[in-house]
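*Asks:* Structure: start31.txt, compact mmCIF, C-alpha atoms.
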```txt
# COMPACT_ATOMS: atom_id res chain seq x y z
CA MET Y 179 165.39 112.39 75.91
CA SER Y 180 161.62 112.08 75.54
CA GLN Y 181 161.21 113.15 79.14
CA GLN Y 182 157.69 114.53 78.88
CA ILE Y 183 155.96 114.01 82.23
CA VAL Y 184 152.32 113.31 81.46
CA PRO Y 185 149.85 114.72 84.01
CA LEU Y 186 148.24 112.24 86.38
CA LYS Y 187 144.80 113.32 85.15
CA THR Y 188 145.60 112.14 81.59
CA TYR Y 189 146.52 108.65 82.77
CA VAL Y 190 143.38 108.37 84.88
CA LEU Y 191 141.17 109.62 82.02
CA VAL Y 192 142.73 107.11 79.61
CA PHE Y 193 142.17 104.34 82.15
CA VAL Y 194 138.52 105.33 82.64
CA SER Y 195 138.00 105.35 78.85
CA LEU Y 196 139.59 101.89 78.59
CA ILE Y 197 137.24 100.53 81.27
CA GLY Y 198 134.28 102.19 79.51
CA LEU Y 199 135.24 100.59 76.19
CA THR Y 200 135.66 97.19 77.89
CA LEU Y 201 132.14 97.40 79.35
CA LEU Y 202 130.79 98.59 75.98
CA THR Y 203 132.38 95.76 74.00
CA THR Y 204 131.10 93.22 76.56
CA ALA Y 205 127.57 94.65 76.33
CA VAL Y 206 127.63 94.67 72.51
CA ALA Y 207 128.47 90.93 72.55
CA PHE Y 208 124.94 90.25 73.84
CA VAL Y 209 123.23 92.18 71.02
CA ASP Y 210 122.67 90.45 67.68
CA LEU Y 211 124.30 92.61 65.00
CA GLY Y 212 125.08 89.78 62.60
CA ALA Y 213 128.52 90.09 61.08
CA PHE Y 214 128.90 93.48 62.74
CA ASN Y 215 129.42 91.83 66.14
CA THR Y 216 132.91 90.85 64.98
CA VAL Y 217 133.50 94.25 63.37
CA ALA Y 218 132.37 96.11 66.49
CA ALA Y 219 134.51 93.94 68.79
CA LEU Y 220 137.61 94.48 66.64
CA VAL Y 221 137.03 98.24 66.18
CA ILE Y 222 136.65 98.72 69.94
CA ALA Y 223 139.77 96.59 70.57
CA PHE Y 224 141.65 98.73 68.03
CA CYS Y 225 140.57 101.93 69.82
CA LYS Y 226 141.71 100.50 73.16
CA MET Y 227 145.05 99.58 71.59
CA LEU Y 228 145.47 103.13 70.26
CA LEU Y 229 144.79 104.58 73.73
CA VAL Y 230 147.38 102.27 75.32
CA ILE Y 231 150.01 102.92 72.63
CA LEU Y 232 149.55 106.69 72.45
CA PHE Y 233 149.28 107.45 76.16
CA PHE Y 234 150.60 104.57 78.28
CA MET Y 235 153.41 103.75 75.84
CA HIS Y 236 154.13 107.45 75.19
CA LEU Y 237 154.00 107.20 71.40
CA ARG Y 238 152.61 110.75 71.41
CA HIS Y 239 155.98 111.93 72.67
CA SER Y 240 158.17 109.45 70.79
CA GLY Y 241 160.43 110.29 67.90
CA GLY Y 242 159.86 109.46 64.25
CA LEU Y 243 162.15 106.44 64.33
CA VAL Y 244 159.97 104.63 66.91
CA ARG Y 245 156.84 105.46 64.89
CA ILE Y 246 158.37 104.06 61.68
CA VAL Y 247 159.41 100.85 63.48
CA LEU Y 248 155.89 100.39 64.84
CA LEU Y 249 154.23 101.18 61.49
CA ALA Y 250 156.54 98.67 59.78
CA GLY Y 251 155.44 96.06 62.32
CA PHE Y 252 151.75 96.70 61.66
CA PHE Y 253 152.37 96.77 57.91
CA TRP Y 254 153.90 93.27 58.00
CA LEU Y 255 151.12 92.03 60.27
CA ALA Y 256 148.57 93.36 57.74
CA LEU Y 257 150.44 91.53 54.95
CA LEU Y 258 150.54 88.33 56.99
CA ILE Y 259 146.82 88.29 57.79
CA GLY Y 260 145.58 90.04 54.63
CA LEU Y 261 147.39 87.89 52.07
CA THR Y 262 146.75 84.64 53.95
CA MET Y 263 143.03 85.35 54.27
CA SER Y 264 142.73 86.50 50.67
CA ASP Y 265 144.29 83.19 49.61
CA TYR Y 266 141.88 81.07 51.67
CA ARG Y 267 138.81 83.10 50.83
CA THR Y 268 139.36 83.11 47.04
CA ARG Y 269 140.33 79.45 46.56
CA THR Y 270 136.79 78.49 45.59
CA TRP Y 271 136.25 81.40 43.21
CA THR Y 272 137.48 79.55 40.11
CA PRO Y 273 137.12 75.80 39.64
CA ALA Y 274 140.27 73.76 39.35
CA PRO Y 275 141.10 73.04 35.68
CA ASP Y 276 140.35 69.60 34.29
CA ALA Y 277 143.11 67.06 33.91
CA TRP Y 278 144.95 66.86 30.59
CA SER Y 279 142.73 65.33 27.97
CA ILE Y 280 144.36 62.41 26.18
CA THR Y 281 141.55 61.98 23.67
CA ALA Y 282 142.08 65.33 21.98
CA PRO Y 283 145.73 65.79 20.98
CA PRO Y 284 146.69 69.30 19.93
CA THR Y 285 146.30 69.88 16.24
CA HIS Y 286 148.87 71.74 14.24
CA PRO Y 287 147.86 73.72 11.22
CA MET U 120 184.49 112.02 78.16
CA ALA U 121 185.60 109.84 81.03
CA ASP U 122 184.63 112.31 83.74
CA THR U 123 181.19 113.06 82.28
CA HIS U 124 180.55 109.33 82.41
CA ALA U 125 181.48 109.23 86.05
CA GLU U 126 178.94 111.95 86.85
CA HIS U 127 175.98 109.79 85.86
CA THR U 128 174.96 106.47 87.24
CA GLY U 129 173.66 103.91 84.82
CA LEU U 130 175.42 105.24 81.70
CA ALA U 131 176.99 102.48 79.64
CA HIS U 132 180.38 103.38 78.16
CA GLN U 133 179.33 103.11 74.51
CA PHE U 134 176.90 106.05 74.76
CA GLU U 135 177.67 109.77 74.62
CA ASP U 136 175.10 110.70 77.24
CA LEU U 137 171.99 109.46 79.01
CA ALA U 138 169.65 110.99 76.44
CA GLN U 139 171.27 108.99 73.64
CA GLN U 140 171.24 105.85 75.76
CA HIS U 141 167.56 106.36 76.60
CA ASP U 142 166.65 106.71 72.90
CA ALA U 143 168.62 103.58 72.04
CA ASP U 144 166.99 101.64 74.88
CA THR U 145 163.45 102.56 73.88
CA LEU U 146 164.12 101.96 70.17
CA GLY U 147 165.54 98.55 71.05
CA ILE U 148 162.47 97.46 73.02
CA TRP U 149 160.16 98.75 70.27
CA ILE U 150 162.00 96.62 67.71
CA PHE U 151 161.69 93.64 70.04
CA LEU U 152 157.96 94.35 70.41
CA VAL U 153 157.59 94.37 66.61
CA THR U 154 159.06 90.85 66.53
CA GLU U 155 156.52 89.97 69.23
CA ILE U 156 153.72 91.39 67.04
CA MET U 157 154.82 88.97 64.32
CA PHE U 158 155.12 86.12 66.85
CA PHE U 159 151.58 86.55 68.13
CA GLY U 160 150.45 87.64 64.65
CA GLY U 161 151.07 84.14 63.27
CA MET U 162 148.66 82.72 65.85
CA PHE U 163 146.09 85.43 65.21
CA ALA U 164 146.29 84.72 61.45
CA ALA U 165 145.85 80.98 62.02
CA TYR U 166 142.93 81.69 64.36
CA ALA U 167 141.31 83.93 61.72
CA ILE U 168 141.56 81.20 59.08
CA PHE U 169 140.18 78.40 61.23
CA ARG U 170 137.44 80.53 62.75
CA TRP U 171 136.35 81.28 59.21
CA LEU U 172 136.59 77.63 58.09
CA TYR U 173 134.88 76.12 61.17
CA PHE U 174 132.70 79.03 62.18
CA ALA U 175 130.00 77.09 64.06
CA ALA U 176 132.53 75.09 66.10
CA PHE U 177 134.48 78.22 67.06
CA GLU U 178 131.30 80.10 68.01
CA GLY U 179 130.26 77.17 70.18
CA GLY U 180 133.66 77.10 71.84
CA SER U 181 133.57 80.86 72.50
CA HIS U 182 130.13 80.52 74.03
CA ILE U 183 131.42 78.10 76.67
CA LEU U 184 134.02 80.52 78.03
CA ASP U 185 133.00 82.56 81.07
CA ILE U 186 132.52 86.07 79.69
CA ARG U 187 132.39 87.62 83.18
CA LEU U 188 135.78 86.21 84.16
CA GLY U 189 137.18 87.39 80.83
CA ALA U 190 135.82 90.91 81.36
CA ILE U 191 137.05 91.04 84.97
CA ASN U 192 140.50 89.91 83.86
CA THR U 193 140.53 92.58 81.13
CA ILE U 194 139.79 95.26 83.74
CA VAL U 195 142.43 93.84 86.10
CA LEU U 196 145.02 93.91 83.34
CA LEU U 197 144.08 97.44 82.24
CA ALA U 198 144.43 98.53 85.88
CA SER U 199 147.90 96.95 85.97
CA SER U 200 148.78 98.97 82.86
CA LEU U 201 147.67 102.13 84.67
CA THR U 202 149.84 101.33 87.70
CA MET U 203 152.72 100.49 85.35
CA ALA U 204 152.35 103.86 83.61
CA LEU U 205 152.26 105.52 87.04
CA SER U 206 155.45 103.60 87.98
CA VAL U 207 157.23 105.18 85.02
CA ARG U 208 155.82 108.56 86.01
CA SER U 209 157.08 108.11 89.59
CA ALA U 210 160.52 107.26 88.21
CA GLN U 211 160.43 110.39 86.04
CA THR U 212 159.50 112.58 89.00
CA GLY U 213 161.99 110.76 91.23
CA ILE U 214 159.62 109.70 93.99
CA ARG U 215 161.16 106.42 95.07
CA HIS U 216 158.51 105.15 97.50
CA SER U 217 155.68 105.66 95.02
CA LEU U 218 157.78 103.96 92.31
CA VAL U 219 158.14 100.89 94.52
CA LEU U 220 154.46 101.07 95.53
CA PHE U 221 153.19 101.21 91.93
CA LEU U 222 155.56 98.44 90.80
CA VAL U 223 154.32 96.20 93.62
CA LEU U 224 150.69 97.08 92.76
CA THR U 225 151.38 96.13 89.13
CA MET U 226 152.74 92.79 90.31
CA ILE U 227 149.70 92.19 92.53
CA LEU U 228 147.30 92.95 89.65
CA GLY U 229 149.35 90.74 87.32
CA GLY U 230 149.17 87.97 89.92
CA ALA U 231 145.40 88.43 90.20
CA PHE U 232 145.09 88.08 86.42
CA LEU U 233 147.11 84.85 86.46
CA GLY U 234 145.03 83.57 89.38
CA VAL U 235 141.76 84.08 87.48
CA LYS U 236 143.38 82.49 84.42
CA ALA U 237 144.44 79.47 86.48
CA TYR U 238 140.86 79.14 87.79
CA GLU U 239 139.57 79.23 84.20
CA TYR U 240 142.04 76.52 83.17
CA HIS U 241 140.86 74.48 86.16
CA GLN U 242 137.25 74.88 84.96
CA LYS U 243 138.27 73.48 81.57
CA PHE U 244 139.51 70.32 83.27
CA VAL U 245 136.28 70.10 85.29
CA GLU U 246 134.27 70.35 82.05
CA HIS U 247 136.64 67.93 80.27
CA ILE U 248 137.32 70.32 77.43
CA VAL U 249 141.11 70.27 77.49
CA PRO U 250 142.19 69.14 74.02
CA SER U 251 144.25 65.91 73.93
CA LEU U 252 144.72 65.71 77.70
CA ASP U 253 141.14 65.57 78.89
CA TRP U 254 138.72 65.80 75.99
CA ALA U 255 135.32 64.34 76.81
CA PRO U 256 132.68 67.09 76.66
CA ALA U 257 129.35 66.05 78.16
CA GLY U 258 125.98 67.49 79.14
CA GLU U 259 125.31 71.13 78.36
CA VAL U 260 128.83 71.66 77.04
CA LEU U 261 128.37 68.82 74.57
CA VAL U 262 125.06 70.29 73.39
CA ARG U 263 126.82 73.59 72.78
CA LEU U 264 129.81 72.07 70.94
CA ALA U 265 128.15 69.28 68.93
CA PRO U 266 126.62 71.39 66.10
CA GLY U 267 130.03 72.57 64.89
CA GLY U 268 131.61 69.13 65.14
CA LEU U 269 133.61 67.96 68.16
CA ASP U 270 136.93 67.72 66.32
CA HIS U 271 136.69 71.31 65.19
CA ALA U 272 135.59 72.39 68.68
CA GLN U 273 138.72 70.68 69.99
CA LEU U 274 140.73 72.77 67.54
CA TYR U 275 139.14 75.90 69.04
CA PHE U 276 140.34 74.86 72.49
CA PHE U 277 143.81 74.16 71.14
CA PHE U 278 143.85 77.78 70.03
CA TYR U 279 142.39 78.92 73.35
CA PHE U 280 145.09 77.21 75.38
CA ALA U 281 147.94 78.05 73.00
CA MET U 282 147.07 81.75 72.77
CA THR U 283 146.15 82.37 76.41
CA GLY U 284 149.04 80.14 77.50
CA LEU U 285 151.56 82.08 75.45
CA HIS U 286 150.06 85.29 76.82
CA ALA U 287 150.28 83.97 80.40
CA LEU U 288 153.91 83.00 79.81
CA HIS U 289 154.61 86.61 78.81
CA MET U 290 152.87 87.75 81.98
CA ILE U 291 155.03 85.45 84.11
CA ILE U 292 158.20 86.79 82.44
CA GLY U 293 156.85 90.32 83.05
CA MET U 294 156.31 89.55 86.74
CA GLY U 295 159.94 88.43 86.99
CA LEU U 296 161.08 91.67 85.36
CA LEU U 297 158.89 93.68 87.75
CA LEU U 298 160.44 91.90 90.75
CA TRP U 299 163.88 92.81 89.41
CA LEU U 300 162.75 96.45 89.08
CA VAL U 301 161.36 96.51 92.63
CA LEU U 302 164.68 95.24 94.02
CA ARG U 303 166.64 97.83 92.02
CA ALA U 304 164.21 100.64 92.84
CA ARG U 305 164.49 99.89 96.57
CA LYS U 306 168.24 100.29 96.30
CA GLY U 307 167.67 103.65 94.63
CA SER U 308 169.14 102.72 91.25
CA PHE U 309 166.68 104.92 89.36
CA THR U 310 166.73 108.69 89.11
CA PRO U 311 164.75 111.18 86.99
CA HIS U 312 167.78 111.08 84.65
CA TYR U 313 168.15 107.31 84.56
CA PHE U 314 165.01 105.17 84.56
CA ALA U 315 165.23 103.42 81.18
CA PRO U 316 164.78 99.92 82.69
CA VAL U 317 161.45 100.99 84.21
CA GLU U 318 160.32 102.49 80.90
CA VAL U 319 161.47 99.44 78.89
CA VAL U 320 159.72 96.92 81.16
CA GLY U 321 156.68 99.23 81.10
CA LEU U 322 156.57 99.12 77.28
CA TYR U 323 156.77 95.31 77.40
CA TRP U 324 153.99 95.16 80.02
CA HIS U 325 151.70 97.43 77.96
CA PHE U 326 152.35 95.28 74.89
CA VAL U 327 151.25 92.16 76.77
CA ASP U 328 148.15 94.12 77.81
CA ILE U 329 147.43 94.94 74.15
CA VAL U 330 147.66 91.25 73.20
CA TRP U 331 144.97 90.56 75.79
CA ILE U 332 142.88 93.49 74.49
CA PHE U 333 142.60 91.48 71.25
CA LEU U 334 142.40 88.01 72.81
CA PHE U 335 139.40 88.98 74.94
CA PRO U 336 137.03 89.84 72.05
CA LEU U 337 138.39 87.15 69.71
CA LEU U 338 138.15 84.28 72.21
CA TYR U 339 135.30 85.33 74.50
CA LEU U 340 133.07 87.92 72.88
CA ILE U 341 132.30 86.89 69.32
CA GLY U 342 130.51 83.71 70.36
CA GLY U 343 126.92 84.49 69.45
CA ARG U 344 125.62 84.98 72.98
CA TYR U 345 122.40 86.75 72.03
```
Show how you would write the structure in this file as structure tokens.

*Replies:*
Amino acid sequence: MSQQIVPLKTYVLVFVSLIGLTLLTTAVAFVDLGAFNTVAALVIAFCKMLLVILFFMHLRHSGGLVRIVLLAGFFWLALLIGLTMSDYRTRTWTPAPDAWSITAPPTHP
Amino acid sequence: MADTHAEHTGLAHQFEDLAQQHDADTLGIWIFLVTEIMFFGGMFAAYAIFRWLYFAAFEGGSHILDIRLGAINTIVLLASSLTMALSVRSAQTGIRHSLVLFLVLTMILGGAFLGVKAYEYHQKFVEHIVPSLDWAPAGEVLVRLAPGGLDHAQLYFFFYFAMTGLHALHMIIGMGLLLWLVLRARKGSFTPHYFAPVEVVGLYWHFVDIVWIFLFPLLYLIGGRY
């Protein structure tokens, strides 16, 4: 049984860090960083998620099976968002081919 | 086997011992949470596509949301995750009154989150920016939304209500589960050897918190407020 009892201090420290990151991400939203506003917001959210998963959800003390299940979940989420976005963002890269031309029939040697 | 089963409370007959049952319980909820990742993931993927396609409209929509209420609600929800983690810790250490106390605190914080959310929904009706039901933006809101196109702004608010609504539904289910835990904890059903239900509901609660950790920046923060 993963019966590790985490010290109270750890939980409180994690909570304080989460609040700090929340205030930071809110403050950054008011600074013009161009495209990096989105990047910063998502990176901070990712850090907060890691803190919650590792400490509050005890992933630090969980077995390999739980870690594999979670990694598989994130892997499929990355496929879902990555492949869908790469489809939408590359649709305009090459122009659609012209319709079949009826004036120039294929010539055979 | 039969008499070792009788020694423990809470051991289902298909498991060898409580340790095995605990591992199976936590693995089960993690697998469920992965399906939830995919469930919410579909909405996040759709949001990513449409935010990219109709960037100006989505930025305008984000700008209208009250960033202070969003930040306050984030802190409230993070605090409820702390009290939830402390509930599990109280169950592990076998202190029944603090288990009940922290579970009730988690419920109160969850209720506070839903209250703020309800107020925000109410504000959307006041500003007439509820898609389909009450869509007639005017005044300052209209000025903010017009550049990106009103139809596309309406799409943003569809996403806003669908994503926060689905999240709120998970919170309401979580509150029901917490109430069930409080009733069981008061009866003394949980011991340092058997507290899997507390841990499992805790994992679910933290997951719902994580969904909000991403909803807050995506819906409220990246709205060009500078």

*Asks:* Within 6 Å of chain Y, which residues of chain U are there when counting all atoms listed in the file? Please give them as a PyMOL selection string.

*Replies:* chain U and resi 138+146+153+164+204+322+329+332-333+336+340-341+344-345

*Asks:* Print the selection's residues with C-alpha atoms to a file, as a short mmCIF file (atom, residue, chain, number, x, y, z; two decimals), in the frame of the given file.

*Replies:*
```cif
data_model
loop_
_atom_site.label_atom_id
_atom_site.label_comp_id
_atom_site.auth_asym_id
_atom_site.auth_seq_id
_atom_site.Cartn_x
_atom_site.Cartn_y
_atom_site.Cartn_z
CA ALA U 138 169.65 110.99 76.44
CA LEU U 146 164.12 101.96 70.17
CA VAL U 153 157.59 94.37 66.61
CA ALA U 164 146.29 84.72 61.45
CA ALA U 204 152.35 103.86 83.61
CA LEU U 322 156.57 99.12 77.28
CA ILE U 329 147.43 94.94 74.15
CA ILE U 332 142.88 93.49 74.49
CA PHE U 333 142.60 91.48 71.25
CA PRO U 336 137.03 89.84 72.05
CA LEU U 340 133.07 87.92 72.88
CA ILE U 341 132.30 86.89 69.32
CA ARG U 344 125.62 84.98 72.98
CA TYR U 345 122.40 86.75 72.03
#
```

*Asks:* For the atom pair CA of His312 (chain U) and CA of Arg208 (chain U), what is the interatomic distance in Å to one decimal place?

*Replies:*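 Distance between the two atoms: 12.3 Å.
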
*Asks:* Which is closer to Ala175 (chain U) than all the others in U:Pro266, U:Gly189, U:Pro256, U:Gly293, using all atoms listed in the file?

*Replies:*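 Closest to Ala175 (chain U), using all atoms listed in the file: U:Pro266.
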
*Asks:* Provide the CA of Ser200 (chain U) to CA of Gly229 (chain U) distance in Å, to one decimal place.

*Replies:*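 Rounded to one decimal, the two atoms are 9.4 Å apart.
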
*Asks:* Every residue with an atom at most 8 Å from (134.7, 79.1, 70.3) (file coordinates; all atoms listed in the file) is what I'm after, so could you write them as an NGL selection string?

*Replies:* :U and (176-184 or 272 or 275-276 or 338-339 or 342)

*Asks:* Could you jot down the CA of Leu334 (chain U) to CA of Val207 (chain U) separation for me, Å, one decimal place?

*Replies:*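 For CA of Leu334 (chain U) relative to CA of Val207 (chain U), the distance reads 25.8 Å.
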
*Asks:* Go through U:Leu130, U:Val223, U:Leu205, U:Ile194 one by one, measure the shortest atom-to-atom distance of each to Arg305 (chain U) using only C-alpha atoms, and give the residue with the smallest value.

*Replies:*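 So, comparing all the options, the nearest one is U:Val223.
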
*Asks:* What's around Gln273 (chain U) at 12 Å? Count all atoms listed in the file, leave out sequence neighbours fewer than 4 positions away in its own chain, and write the answer as an MDAnalysis selection string.

*Replies:* chainID U and resid 169 173 176:177 179:181 243 247:256 261 264:265 267:269 277:280

*Asks:* Taking only C-alpha atoms into account, which of U:Val330, U:Gly343, U:Glu259, U:Tyr240 comes nearest Met157 (chain U)?

*Replies:*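 Ranked by minimum distance to Met157 (chain U), first place goes to U:Val330.
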
*Asks:* Could you pull out every residue with an atom within 12 Å of (167.4, 95.6, 88.9), file coordinates, counting only C-alpha atoms, and send them as a PyMOL selection string?

*Replies:* chain U and resi 129+295-309+314-317+320

*Asks:* Closest to Leu229 (chain Y) among U:Leu188, U:Leu197, U:Tyr166, U:Gln211, using all atoms listed in the file?

*Replies:* U:Leu197
